[in-house]
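Pasting model_28.cif here (mmCIF, N, CA and C atoms):
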```cif
data_run
#
loop_
_atom_site.label_atom_id
_atom_site.label_comp_id
_atom_site.auth_asym_id
_atom_site.auth_seq_id
_atom_site.Cartn_x
_atom_site.Cartn_y
_atom_site.Cartn_z
N MET A 771 15.87 -10.86 11.29
CA MET A 771 15.19 -10.17 10.21
C MET A 771 15.97 -8.93 9.79
N ARG A 772 16.44 -8.21 10.80
CA ARG A 772 17.16 -6.98 10.51
C ARG A 772 18.44 -7.26 9.72
N ARG A 773 19.16 -8.32 10.13
CA ARG A 773 20.39 -8.66 9.41
C ARG A 773 20.09 -9.06 7.97
N TRP A 774 18.98 -9.76 7.78
CA TRP A 774 18.61 -10.17 6.43
C TRP A 774 18.33 -8.96 5.55
N VAL A 775 17.56 -7.99 6.07
CA VAL A 775 17.24 -6.79 5.29
C VAL A 775 18.51 -6.00 5.00
N GLU A 776 19.41 -5.91 5.97
CA GLU A 776 20.66 -5.19 5.74
C GLU A 776 21.54 -5.89 4.71
N SER A 777 21.52 -7.23 4.70
CA SER A 777 22.30 -7.95 3.68
C SER A 777 21.69 -7.77 2.30
N VAL A 778 20.37 -7.71 2.21
CA VAL A 778 19.71 -7.45 0.92
C VAL A 778 20.05 -6.04 0.45
N GLU A 779 20.06 -5.08 1.38
CA GLU A 779 20.43 -3.71 1.02
C GLU A 779 21.86 -3.65 0.49
N ALA A 780 22.76 -4.38 1.13
CA ALA A 780 24.16 -4.36 0.70
C ALA A 780 24.33 -5.03 -0.67
N ARG A 781 23.58 -6.09 -0.91
CA ARG A 781 23.70 -6.82 -2.17
C ARG A 781 23.12 -6.07 -3.35
N HIS A 782 21.93 -5.49 -3.17
CA HIS A 782 21.21 -4.91 -4.30
C HIS A 782 21.29 -3.39 -4.37
N GLY A 783 21.61 -2.74 -3.30
CA GLY A 783 21.70 -1.28 -3.30
C GLY A 783 20.37 -0.64 -2.97
N LEU A 784 20.45 0.46 -2.24
CA LEU A 784 19.23 1.14 -1.80
C LEU A 784 18.44 1.75 -2.95
N ASP A 785 19.13 2.21 -3.99
CA ASP A 785 18.43 2.83 -5.11
C ASP A 785 17.47 1.85 -5.78
N MET A 786 17.96 0.65 -6.08
CA MET A 786 17.13 -0.33 -6.76
C MET A 786 15.99 -0.83 -5.85
N LEU A 787 16.29 -1.05 -4.58
CA LEU A 787 15.27 -1.53 -3.66
C LEU A 787 14.18 -0.47 -3.44
N THR A 788 14.59 0.79 -3.38
CA THR A 788 13.60 1.86 -3.25
C THR A 788 12.69 1.91 -4.47
N GLU A 789 13.28 1.78 -5.64
CA GLU A 789 12.49 1.82 -6.87
C GLU A 789 11.53 0.64 -6.97
N ARG A 790 12.01 -0.54 -6.63
CA ARG A 790 11.15 -1.73 -6.68
C ARG A 790 10.01 -1.65 -5.68
N SER A 791 10.30 -1.19 -4.48
CA SER A 791 9.23 -1.08 -3.48
C SER A 791 8.23 0.00 -3.89
N ARG A 792 8.69 1.05 -4.55
CA ARG A 792 7.77 2.08 -5.05
C ARG A 792 6.85 1.51 -6.12
N HIS A 793 7.39 0.67 -7.00
CA HIS A 793 6.54 0.03 -8.02
C HIS A 793 5.50 -0.87 -7.36
N LEU A 794 5.88 -1.58 -6.31
CA LEU A 794 4.92 -2.42 -5.60
C LEU A 794 3.83 -1.58 -4.95
N VAL A 795 4.21 -0.45 -4.37
CA VAL A 795 3.23 0.45 -3.76
C VAL A 795 2.24 0.95 -4.81
N LEU A 796 2.76 1.44 -5.92
CA LEU A 796 1.88 1.99 -6.96
C LEU A 796 0.94 0.94 -7.54
N ALA A 797 1.47 -0.25 -7.83
CA ALA A 797 0.65 -1.31 -8.39
C ALA A 797 -0.43 -1.75 -7.40
N SER A 798 -0.05 -1.97 -6.16
CA SER A 798 -1.01 -2.41 -5.14
C SER A 798 -2.07 -1.34 -4.87
N TYR A 799 -1.65 -0.09 -4.85
CA TYR A 799 -2.57 1.03 -4.62
C TYR A 799 -3.64 1.09 -5.71
N VAL A 800 -3.21 0.98 -6.96
CA VAL A 800 -4.15 1.04 -8.08
C VAL A 800 -5.08 -0.17 -8.06
N VAL A 801 -4.52 -1.36 -7.83
CA VAL A 801 -5.35 -2.56 -7.80
C VAL A 801 -6.37 -2.47 -6.67
N LEU A 802 -5.96 -2.00 -5.51
CA LEU A 802 -6.89 -1.87 -4.38
C LEU A 802 -8.00 -0.87 -4.68
N LEU A 803 -7.65 0.25 -5.29
CA LEU A 803 -8.69 1.22 -5.66
C LEU A 803 -9.66 0.65 -6.69
N VAL A 804 -9.15 -0.10 -7.66
CA VAL A 804 -10.03 -0.73 -8.66
C VAL A 804 -10.95 -1.74 -8.00
N LEU A 805 -10.43 -2.56 -7.11
CA LEU A 805 -11.26 -3.55 -6.42
C LEU A 805 -12.32 -2.90 -5.55
N ILE A 806 -11.95 -1.82 -4.87
CA ILE A 806 -12.92 -1.11 -4.03
C ILE A 806 -14.02 -0.50 -4.90
N THR A 807 -13.64 0.06 -6.03
CA THR A 807 -14.63 0.64 -6.94
C THR A 807 -15.54 -0.44 -7.50
N TRP A 808 -14.96 -1.54 -7.90
CA TRP A 808 -15.73 -2.65 -8.47
C TRP A 808 -16.72 -3.22 -7.46
N SER A 809 -16.25 -3.47 -6.24
CA SER A 809 -17.16 -4.01 -5.23
C SER A 809 -18.18 -2.97 -4.78
N GLY A 810 -17.79 -1.69 -4.80
CA GLY A 810 -18.74 -0.64 -4.44
C GLY A 810 -19.86 -0.49 -5.44
N LEU A 811 -19.54 -0.70 -6.72
CA LEU A 811 -20.58 -0.65 -7.73
C LEU A 811 -21.55 -1.81 -7.61
N ALA A 812 -21.08 -2.94 -7.07
CA ALA A 812 -21.93 -4.11 -6.91
C ALA A 812 -22.87 -3.96 -5.71
N MET A 813 -22.54 -3.07 -4.78
CA MET A 813 -23.40 -2.87 -3.61
C MET A 813 -24.63 -2.06 -3.99
N GLU A 814 -25.70 -2.35 -3.29
CA GLU A 814 -26.90 -1.53 -3.45
C GLU A 814 -26.94 -0.55 -2.30
N ALA A 815 -26.84 0.72 -2.63
CA ALA A 815 -26.75 1.75 -1.58
C ALA A 815 -27.94 2.69 -1.60
N GLY A 816 -29.07 2.21 -2.01
CA GLY A 816 -30.25 3.06 -2.00
C GLY A 816 -30.24 4.04 -3.16
N THR A 817 -30.29 5.33 -2.86
CA THR A 817 -30.44 6.33 -3.90
C THR A 817 -29.13 6.69 -4.60
N ASN A 818 -28.01 6.69 -3.90
CA ASN A 818 -26.75 7.12 -4.48
C ASN A 818 -25.76 5.96 -4.53
N PRO A 819 -25.46 5.42 -5.70
CA PRO A 819 -24.55 4.27 -5.77
C PRO A 819 -23.08 4.65 -5.54
N LEU A 820 -22.74 5.93 -5.53
CA LEU A 820 -21.35 6.33 -5.31
C LEU A 820 -20.97 6.40 -3.83
N THR A 821 -21.95 6.37 -2.95
CA THR A 821 -21.67 6.49 -1.52
C THR A 821 -20.74 5.40 -1.00
N PRO A 822 -20.99 4.11 -1.29
CA PRO A 822 -20.06 3.09 -0.77
C PRO A 822 -18.65 3.23 -1.35
N ILE A 823 -18.57 3.65 -2.59
CA ILE A 823 -17.25 3.82 -3.21
C ILE A 823 -16.49 4.95 -2.53
N LEU A 824 -17.15 6.07 -2.29
CA LEU A 824 -16.48 7.21 -1.66
C LEU A 824 -16.07 6.90 -0.22
N ILE A 825 -16.95 6.23 0.51
CA ILE A 825 -16.65 5.93 1.91
C ILE A 825 -15.47 4.97 2.01
N ARG A 826 -15.42 3.99 1.13
CA ARG A 826 -14.36 2.98 1.21
C ARG A 826 -13.05 3.46 0.60
N SER A 827 -13.09 4.37 -0.36
CA SER A 827 -11.85 4.80 -1.02
C SER A 827 -11.26 6.08 -0.43
N LEU A 828 -12.01 6.82 0.34
CA LEU A 828 -11.52 8.09 0.89
C LEU A 828 -10.24 7.94 1.72
N PRO A 829 -10.13 6.95 2.62
CA PRO A 829 -8.86 6.83 3.36
C PRO A 829 -7.66 6.62 2.45
N LEU A 830 -7.82 5.87 1.38
CA LEU A 830 -6.71 5.67 0.44
C LEU A 830 -6.39 6.95 -0.31
N LEU A 831 -7.41 7.66 -0.73
CA LEU A 831 -7.20 8.88 -1.51
C LEU A 831 -6.53 9.98 -0.69
N LEU A 832 -6.71 9.96 0.63
CA LEU A 832 -6.06 10.96 1.47
C LEU A 832 -4.54 10.83 1.46
N PHE A 833 -4.04 9.63 1.12
CA PHE A 833 -2.60 9.41 1.09
C PHE A 833 -1.99 9.65 -0.29
N LEU A 834 -2.79 10.03 -1.25
CA LEU A 834 -2.28 10.26 -2.60
C LEU A 834 -1.17 11.33 -2.64
N PRO A 835 -1.29 12.45 -1.91
CA PRO A 835 -0.19 13.43 -1.93
C PRO A 835 1.13 12.85 -1.39
N SER A 836 1.06 11.97 -0.39
CA SER A 836 2.28 11.35 0.14
C SER A 836 2.90 10.41 -0.88
N ILE A 837 2.07 9.71 -1.63
CA ILE A 837 2.59 8.79 -2.65
C ILE A 837 3.22 9.57 -3.78
N ILE A 838 2.55 10.60 -4.23
CA ILE A 838 3.08 11.42 -5.32
C ILE A 838 4.35 12.15 -4.87
N GLY A 839 4.37 12.65 -3.63
CA GLY A 839 5.52 13.36 -3.10
C GLY A 839 6.65 12.47 -2.62
N LYS A 840 6.45 11.16 -2.66
CA LYS A 840 7.47 10.17 -2.26
C LYS A 840 7.94 10.39 -0.83
N ARG A 841 7.00 10.67 0.07
CA ARG A 841 7.35 10.92 1.47
C ARG A 841 7.34 9.62 2.27
N PRO A 842 8.44 9.26 2.89
CA PRO A 842 8.50 8.00 3.63
C PRO A 842 7.53 7.92 4.82
N ARG A 843 7.35 9.01 5.51
CA ARG A 843 6.44 8.99 6.67
C ARG A 843 5.00 8.74 6.24
N GLY A 844 4.58 9.34 5.13
CA GLY A 844 3.24 9.08 4.61
C GLY A 844 3.06 7.63 4.19
N HIS A 845 4.11 7.04 3.64
CA HIS A 845 4.05 5.63 3.26
C HIS A 845 3.94 4.74 4.50
N ALA A 846 4.63 5.11 5.56
CA ALA A 846 4.54 4.32 6.79
C ALA A 846 3.12 4.36 7.35
N TRP A 847 2.49 5.53 7.33
CA TRP A 847 1.11 5.62 7.80
C TRP A 847 0.15 4.88 6.87
N LEU A 848 0.41 4.95 5.59
CA LEU A 848 -0.43 4.22 4.63
C LEU A 848 -0.34 2.72 4.86
N ALA A 849 0.81 2.25 5.30
CA ALA A 849 0.95 0.83 5.62
C ALA A 849 -0.02 0.43 6.73
N PHE A 850 -0.14 1.27 7.74
CA PHE A 850 -1.07 0.95 8.82
C PHE A 850 -2.52 0.98 8.34
N VAL A 851 -2.85 1.94 7.51
CA VAL A 851 -4.21 2.03 6.98
C VAL A 851 -4.52 0.83 6.08
N SER A 852 -3.52 0.35 5.37
CA SER A 852 -3.75 -0.79 4.47
C SER A 852 -4.14 -2.04 5.24
N LEU A 853 -3.77 -2.12 6.50
CA LEU A 853 -4.18 -3.27 7.31
C LEU A 853 -5.68 -3.29 7.53
N LEU A 854 -6.33 -2.14 7.55
CA LEU A 854 -7.78 -2.09 7.64
C LEU A 854 -8.42 -2.71 6.39
N TYR A 855 -7.83 -2.44 5.23
CA TYR A 855 -8.33 -3.03 3.99
C TYR A 855 -8.05 -4.53 3.94
N PHE A 856 -6.97 -4.97 4.57
CA PHE A 856 -6.69 -6.40 4.65
C PHE A 856 -7.79 -7.10 5.46
N VAL A 857 -8.12 -6.52 6.61
CA VAL A 857 -9.17 -7.09 7.45
C VAL A 857 -10.51 -7.08 6.71
N GLN A 858 -10.78 -5.99 6.01
CA GLN A 858 -12.03 -5.91 5.24
C GLN A 858 -12.05 -6.99 4.16
N GLY A 859 -10.94 -7.22 3.48
CA GLY A 859 -10.86 -8.24 2.45
C GLY A 859 -11.10 -9.63 3.01
N VAL A 860 -10.54 -9.90 4.18
CA VAL A 860 -10.77 -11.20 4.82
C VAL A 860 -12.24 -11.36 5.19
N MET A 861 -12.84 -10.29 5.68
CA MET A 861 -14.26 -10.36 6.04
C MET A 861 -15.13 -10.56 4.81
N VAL A 862 -14.82 -9.87 3.72
CA VAL A 862 -15.59 -10.02 2.48
C VAL A 862 -15.41 -11.44 1.93
N ALA A 863 -14.24 -12.01 2.10
CA ALA A 863 -13.99 -13.37 1.60
C ALA A 863 -14.87 -14.41 2.27
N THR A 864 -15.35 -14.11 3.47
CA THR A 864 -16.21 -15.06 4.17
C THR A 864 -17.66 -14.99 3.72
N LEU A 865 -18.03 -13.96 2.97
CA LEU A 865 -19.40 -13.83 2.49
C LEU A 865 -19.65 -14.80 1.34
N PRO A 866 -20.86 -15.35 1.26
CA PRO A 866 -21.15 -16.28 0.16
C PRO A 866 -21.07 -15.58 -1.20
N GLY A 867 -20.35 -16.17 -2.13
CA GLY A 867 -20.22 -15.63 -3.47
C GLY A 867 -19.24 -14.49 -3.61
N GLN A 868 -18.57 -14.10 -2.55
CA GLN A 868 -17.64 -12.97 -2.59
C GLN A 868 -16.20 -13.39 -2.29
N GLY A 869 -15.93 -14.68 -2.29
CA GLY A 869 -14.63 -15.19 -1.88
C GLY A 869 -13.48 -14.67 -2.72
N VAL A 870 -13.63 -14.70 -4.03
CA VAL A 870 -12.54 -14.27 -4.92
C VAL A 870 -12.25 -12.79 -4.74
N LEU A 871 -13.30 -11.98 -4.68
CA LEU A 871 -13.13 -10.54 -4.50
C LEU A 871 -12.46 -10.24 -3.16
N GLY A 872 -12.88 -10.92 -2.11
CA GLY A 872 -12.29 -10.69 -0.79
C GLY A 872 -10.83 -11.09 -0.72
N VAL A 873 -10.49 -12.23 -1.31
CA VAL A 873 -9.09 -12.67 -1.31
C VAL A 873 -8.24 -11.71 -2.14
N ALA A 874 -8.77 -11.24 -3.27
CA ALA A 874 -8.02 -10.29 -4.11
C ALA A 874 -7.79 -8.98 -3.34
N GLU A 875 -8.79 -8.52 -2.62
CA GLU A 875 -8.63 -7.29 -1.84
C GLU A 875 -7.62 -7.48 -0.71
N ALA A 876 -7.68 -8.63 -0.05
CA ALA A 876 -6.73 -8.89 1.03
C ALA A 876 -5.30 -8.98 0.49
N LEU A 877 -5.11 -9.61 -0.65
CA LEU A 877 -3.77 -9.72 -1.24
C LEU A 877 -3.25 -8.36 -1.70
N ALA A 878 -4.13 -7.54 -2.28
CA ALA A 878 -3.71 -6.20 -2.70
C ALA A 878 -3.33 -5.35 -1.49
N ALA A 879 -4.09 -5.46 -0.42
CA ALA A 879 -3.78 -4.72 0.80
C ALA A 879 -2.48 -5.21 1.42
N LEU A 880 -2.24 -6.51 1.36
CA LEU A 880 -0.99 -7.06 1.89
C LEU A 880 0.20 -6.59 1.05
N GLY A 881 0.03 -6.54 -0.26
CA GLY A 881 1.08 -6.00 -1.12
C GLY A 881 1.35 -4.53 -0.84
N LEU A 882 0.28 -3.78 -0.61
CA LEU A 882 0.43 -2.36 -0.29
C LEU A 882 1.16 -2.18 1.03
N PHE A 883 0.81 -2.99 2.02
CA PHE A 883 1.49 -2.92 3.32
C PHE A 883 2.98 -3.20 3.17
N THR A 884 3.30 -4.28 2.48
CA THR A 884 4.70 -4.68 2.31
C THR A 884 5.47 -3.61 1.54
N GLY A 885 4.92 -3.15 0.45
CA GLY A 885 5.58 -2.13 -0.35
C GLY A 885 5.80 -0.84 0.41
N CYS A 886 4.79 -0.42 1.15
CA CYS A 886 4.91 0.83 1.92
C CYS A 886 5.96 0.73 3.01
N MET A 887 5.98 -0.39 3.72
CA MET A 887 6.96 -0.52 4.79
C MET A 887 8.38 -0.56 4.24
N PHE A 888 8.59 -1.30 3.15
CA PHE A 888 9.93 -1.33 2.57
C PHE A 888 10.30 0.02 1.96
N TYR A 889 9.35 0.68 1.31
CA TYR A 889 9.66 1.98 0.72
C TYR A 889 10.03 2.98 1.82
N ALA A 890 9.27 2.98 2.90
CA ALA A 890 9.57 3.93 3.99
C ALA A 890 10.97 3.68 4.54
N ARG A 891 11.35 2.44 4.68
CA ARG A 891 12.69 2.13 5.20
C ARG A 891 13.78 2.53 4.22
N PHE A 892 13.65 2.07 2.98
CA PHE A 892 14.71 2.31 2.00
C PHE A 892 14.82 3.79 1.65
N ARG A 893 13.71 4.46 1.49
CA ARG A 893 13.73 5.89 1.14
C ARG A 893 14.33 6.72 2.29
N SER A 894 13.98 6.37 3.53
CA SER A 894 14.55 7.08 4.68
C SER A 894 16.06 6.91 4.73
N ARG A 895 16.51 5.71 4.47
CA ARG A 895 17.96 5.46 4.49
C ARG A 895 18.67 6.20 3.36
N LEU A 896 18.01 6.28 2.20
CA LEU A 896 18.58 7.06 1.10
C LEU A 896 18.69 8.53 1.47
N MET A 897 17.63 9.06 2.09
CA MET A 897 17.63 10.47 2.48
C MET A 897 18.69 10.75 3.55
N GLN A 898 18.90 9.81 4.46
CA GLN A 898 19.92 9.98 5.50
C GLN A 898 21.32 9.97 4.87
N ALA A 899 21.47 9.18 3.82
CA ALA A 899 22.78 9.11 3.16
C ALA A 899 23.05 10.33 2.29
N GLY A 900 22.03 11.18 2.12
CA GLY A 900 22.21 12.38 1.32
C GLY A 900 22.09 12.17 -0.16
N ARG A 901 21.47 11.05 -0.55
CA ARG A 901 21.33 10.75 -1.98
C ARG A 901 19.89 10.86 -2.43
N SER A 902 19.11 11.74 -1.80
CA SER A 902 17.70 11.87 -2.19
C SER A 902 17.59 12.61 -3.52
N GLU A 903 16.43 12.44 -4.15
CA GLU A 903 16.19 13.05 -5.47
C GLU A 903 16.05 14.54 -5.38
#
```

For the structure just supplied, provide its representation as C-alpha cells.
Amino acid sequence: MRRWVESVEARHGLDMLTERSRHLVLASYVVLLVLITWSGLAMEAGTNPLTPILIRSLPLLLFLPSIIGKRPRGHAWLAFVSLLYFVQGVMVATLPGQGVLGVAEALAALGLFTGCMFYARFRSRLMQAGRSE
C-alpha cells in the first residue's frame, strides 16, 4: 500500500493530490452536515427540535477551525471522528424506512475519512518539503 501511495505521489505531484483530497474533505463535510441536519429535523425531540441536530453536528463543527486552517493534525483527528458517523450511518440504514438516509450518511462519512487521511498525509509531506502555503 505504501509503495502504491508513493508511486501515485510521484506521478501526480503532492500539490495536486493535496488539492484533490481537500476538495473531497470539503464536499464530504458539507454533505454530512446536510444529512445530519435533514435527519435531525425528521426526529421528534419533544419541545426543542434543534437538540438532535446540535448533539449530532457538534463533533463535526468542533473541527471547522482545523479545516479552515488547513491543519494536517486536525484532519487526522477528524478522520477518526468520521468513523463514528460511519457507524451511525450503518445503524440508521438498518432502521425501517431509513435505509437510503443511512447509506448516504455512511458513504459521506467514508468519503470524509478517506479525504482527511489523504489530506493529512499529503499536506504533511508538503510542509516537510518546505513548500507550504

Task: Residues in the PyMOL selection byres (((chain A and resi 859-874 and name CA) around 12) and name CA), expressed as a PyMOL selection string - done: chain A and resi 798+801-810+812-813+826+852-858+875-881

Quiz item: Which one of A:Leu796, A:Arg891, A:Met897, A:Thr821 sits closest to Arg843 of chain A if you count all atoms listed in the file?
Solution: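 Selected residue with least distance to Arg843 of chain A: A:Arg891.
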
Using only C-alpha atoms, which of the listed residues (A:Phe888, A:Arg772, A:Arg781, A:Val800) sits closest to Leu831 of chain A?
->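 Answer, going by the shortest atom-to-atom distance: A:Val800.
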
key: One-decimal distance in Å that lies between atom CA of Arg893 of chain A and atom CA of Ser836 of chain A   =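 Distance between the two atoms: 12.7 Å.
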
Residue neighbourhood Cys886 of chain A, 7 Å, only C-alpha atoms, exclusion window fewer than 2 positions, as a PDB file with N, CA and C atoms, keeping the file's coordinate frame:
```pdb
ATOM      1  N   VAL A 795       4.210  -0.450  -4.370  1.00  0.00           N
ATOM      2  CA  VAL A 795       3.230   0.450  -3.760  1.00  0.00           C
ATOM      3  C   VAL A 795       2.240   0.950  -4.810  1.00  0.00           C
ATOM      4  N   HIS A 845       4.110   7.040   3.640  1.00  0.00           N
ATOM      5  CA  HIS A 845       4.050   5.630   3.260  1.00  0.00           C
ATOM      6  C   HIS A 845       3.940   4.740   4.500  1.00  0.00           C
ATOM      7  N   ALA A 846       4.630   5.110   5.560  1.00  0.00           N
ATOM      8  CA  ALA A 846       4.540   4.320   6.790  1.00  0.00           C
ATOM      9  C   ALA A 846       3.120   4.360   7.350  1.00  0.00           C
ATOM     10  N   LEU A 848       0.410   4.950   5.590  1.00  0.00           N
ATOM     11  CA  LEU A 848      -0.430   4.220   4.630  1.00  0.00           C
ATOM     12  C   LEU A 848      -0.340   2.720   4.860  1.00  0.00           C
ATOM     13  N   ALA A 849       0.810   2.250   5.300  1.00  0.00           N
ATOM     14  CA  ALA A 849       0.950   0.830   5.620  1.00  0.00           C
ATOM     15  C   ALA A 849      -0.020   0.430   6.730  1.00  0.00           C
ATOM     16  N   LEU A 882       0.280  -3.780  -0.610  1.00  0.00           N
ATOM     17  CA  LEU A 882       0.430  -2.360  -0.290  1.00  0.00           C
ATOM     18  C   LEU A 882       1.160  -2.180   1.030  1.00  0.00           C
ATOM     19  N   PHE A 883       0.810  -2.990   2.020  1.00  0.00           N
ATOM     20  CA  PHE A 883       1.490  -2.920   3.320  1.00  0.00           C
ATOM     21  C   PHE A 883       2.980  -3.200   3.170  1.00  0.00           C
ATOM     22  N   THR A 884       3.300  -4.280   2.480  1.00  0.00           N
ATOM     23  CA  THR A 884       4.700  -4.680   2.310  1.00  0.00           C
ATOM     24  C   THR A 884       5.470  -3.610   1.540  1.00  0.00           C
ATOM     25  N   PHE A 888       8.590  -1.300   3.150  1.00  0.00           N
ATOM     26  CA  PHE A 888       9.930  -1.330   2.570  1.00  0.00           C
ATOM     27  C   PHE A 888      10.300   0.020   1.960  1.00  0.00           C
ATOM     28  N   TYR A 889       9.350   0.680   1.310  1.00  0.00           N
ATOM     29  CA  TYR A 889       9.660   1.980   0.720  1.00  0.00           C
ATOM     30  C   TYR A 889      10.030   2.980   1.820  1.00  0.00           C
ATOM     31  N   ALA A 890       9.270   2.980   2.900  1.00  0.00           N
ATOM     32  CA  ALA A 890       9.570   3.930   3.990  1.00  0.00           C
ATOM     33  C   ALA A 890      10.970   3.680   4.540  1.00  0.00           C
TER      34      ALA A 890
END
```

Point to revise | All alpha helix (DSSP H) residues (DSSP, backbone) inside chain A, as JSON, numbers by chain | key: {"A": [772, 773, 774, 775, 776, 777, 778, 779, 780, 781, 782, 784, 785, 786, 787, 788, 789, 790, 791, 792, 793, 794, 795, 796, 797, 798, 799, 800, 801, 802, 803, 804, 805, 806, 807, 808, 809, 810, 811, 812, 821, 822, 823, 824, 825, 826, 827, 828, 829, 830, 831, 834, 835, 836, 837, 838, 842, 843, 844, 845, 846, 847, 848, 849, 850, 851, 852, 853, 854, 855, 856, 857, 858, 859, 860, 861, 862, 863, 869, 870, 871, 872, 873, 874, 875, 876, 877, 878, 879, 880, 881, 882, 883, 884, 885, 886, 887, 888, 889, 890, 891, 892, 893, 894, 895, 896, 897, 898]}

Taken to one decimal, the atom C of Arg841 of chain A-atom N of Ser777 of chain A distance is 22.2 Å

One decimal place gives the atom CA of Glu779 of chain A-atom CA of Ile838 of chain A separation as 23.9 Å

Incomplete segment 790-797 of chain A brought to all heavy atoms, written out as a PDB file, in the frame of the given file:
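Listed below is the output, rebuild_13.pdb:
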```
ATOM      1  N   ARG A 790      12.010  -0.540  -6.630  1.00  0.00           N
ATOM      2  CA  ARG A 790      11.150  -1.730  -6.680  1.00  0.00           C
ATOM      3  C   ARG A 790      10.010  -1.650  -5.680  1.00  0.00           C
ATOM      4  O   ARG A 790       8.876  -2.018  -5.991  1.00  0.00           O
ATOM      5  CB  ARG A 790      11.964  -2.992  -6.434  1.00  0.00           C
ATOM      6  CG  ARG A 790      12.736  -3.429  -7.628  1.00  0.00           C
ATOM      7  CD  ARG A 790      13.310  -4.784  -7.417  1.00  0.00           C
ATOM      8  NE  ARG A 790      14.048  -5.218  -8.588  1.00  0.00           N
ATOM      9  CZ  ARG A 790      14.744  -6.318  -8.658  1.00  0.00           C
ATOM     10  NH1 ARG A 790      14.802  -7.128  -7.612  1.00  0.00           N
ATOM     11  NH2 ARG A 790      15.386  -6.638  -9.747  1.00  0.00           N
ATOM     12  N   SER A 791      10.300  -1.190  -4.480  1.00  0.00           N
ATOM     13  CA  SER A 791       9.230  -1.080  -3.480  1.00  0.00           C
ATOM     14  C   SER A 791       8.230   0.000  -3.890  1.00  0.00           C
ATOM     15  O   SER A 791       7.033  -0.141  -3.653  1.00  0.00           O
ATOM     16  CB  SER A 791       9.801  -0.804  -2.090  1.00  0.00           C
ATOM     17  OG  SER A 791      10.559   0.372  -2.065  1.00  0.00           O
ATOM     18  N   ARG A 792       8.690   1.050  -4.550  1.00  0.00           N
ATOM     19  CA  ARG A 792       7.770   2.080  -5.050  1.00  0.00           C
ATOM     20  C   ARG A 792       6.850   1.510  -6.120  1.00  0.00           C
ATOM     21  O   ARG A 792       5.656   1.800  -6.141  1.00  0.00           O
ATOM     22  CB  ARG A 792       8.562   3.256  -5.617  1.00  0.00           C
ATOM     23  CG  ARG A 792       7.667   4.311  -6.252  1.00  0.00           C
ATOM     24  CD  ARG A 792       8.113   5.680  -5.899  1.00  0.00           C
ATOM     25  NE  ARG A 792       7.351   6.678  -6.611  1.00  0.00           N
ATOM     26  CZ  ARG A 792       6.244   7.241  -6.134  1.00  0.00           C
ATOM     27  NH1 ARG A 792       5.796   6.899  -4.950  1.00  0.00           N
ATOM     28  NH2 ARG A 792       5.596   8.155  -6.823  1.00  0.00           N
ATOM     29  N   HIS A 793       7.390   0.670  -7.000  1.00  0.00           N
ATOM     30  CA  HIS A 793       6.540   0.030  -8.020  1.00  0.00           C
ATOM     31  C   HIS A 793       5.500  -0.870  -7.360  1.00  0.00           C
ATOM     32  O   HIS A 793       4.346  -0.904  -7.815  1.00  0.00           O
ATOM     33  CB  HIS A 793       7.393  -0.776  -8.997  1.00  0.00           C
ATOM     34  CG  HIS A 793       8.248   0.050  -9.887  1.00  0.00           C
ATOM     35  ND1 HIS A 793       7.774   1.121 -10.611  1.00  0.00           N
ATOM     36  CD2 HIS A 793       9.570  -0.020 -10.160  1.00  0.00           C
ATOM     37  CE1 HIS A 793       8.754   1.667 -11.293  1.00  0.00           C
ATOM     38  NE2 HIS A 793       9.868   0.992 -11.041  1.00  0.00           N
ATOM     39  N   LEU A 794       5.880  -1.580  -6.310  1.00  0.00           N
ATOM     40  CA  LEU A 794       4.920  -2.420  -5.600  1.00  0.00           C
ATOM     41  C   LEU A 794       3.830  -1.580  -4.950  1.00  0.00           C
ATOM     42  O   LEU A 794       2.650  -1.935  -4.997  1.00  0.00           O
ATOM     43  CB  LEU A 794       5.642  -3.267  -4.547  1.00  0.00           C
ATOM     44  CG  LEU A 794       4.775  -4.196  -3.705  1.00  0.00           C
ATOM     45  CD1 LEU A 794       4.029  -5.203  -4.585  1.00  0.00           C
ATOM     46  CD2 LEU A 794       5.615  -4.919  -2.663  1.00  0.00           C
ATOM     47  N   VAL A 795       4.210  -0.450  -4.370  1.00  0.00           N
ATOM     48  CA  VAL A 795       3.230   0.450  -3.760  1.00  0.00           C
ATOM     49  C   VAL A 795       2.240   0.950  -4.810  1.00  0.00           C
ATOM     50  O   VAL A 795       1.020   0.894  -4.611  1.00  0.00           O
ATOM     51  CB  VAL A 795       3.919   1.638  -3.051  1.00  0.00           C
ATOM     52  CG1 VAL A 795       2.915   2.722  -2.683  1.00  0.00           C
ATOM     53  CG2 VAL A 795       4.671   1.176  -1.829  1.00  0.00           C
ATOM     54  N   LEU A 796       2.760   1.440  -5.920  1.00  0.00           N
ATOM     55  CA  LEU A 796       1.880   1.990  -6.960  1.00  0.00           C
ATOM     56  C   LEU A 796       0.940   0.940  -7.540  1.00  0.00           C
ATOM     57  O   LEU A 796      -0.260   1.182  -7.702  1.00  0.00           O
ATOM     58  CB  LEU A 796       2.712   2.629  -8.075  1.00  0.00           C
ATOM     59  CG  LEU A 796       3.508   3.873  -7.684  1.00  0.00           C
ATOM     60  CD1 LEU A 796       4.414   4.303  -8.824  1.00  0.00           C
ATOM     61  CD2 LEU A 796       2.584   4.993  -7.261  1.00  0.00           C
ATOM     62  N   ALA A 797       1.470  -0.250  -7.830  1.00  0.00           N
ATOM     63  CA  ALA A 797       0.650  -1.310  -8.390  1.00  0.00           C
ATOM     64  C   ALA A 797      -0.430  -1.750  -7.400  1.00  0.00           C
ATOM     65  O   ALA A 797      -1.609  -1.889  -7.765  1.00  0.00           O
ATOM     66  CB  ALA A 797       1.513  -2.496  -8.796  1.00  0.00           C
TER      67      ALA A 797
END
```
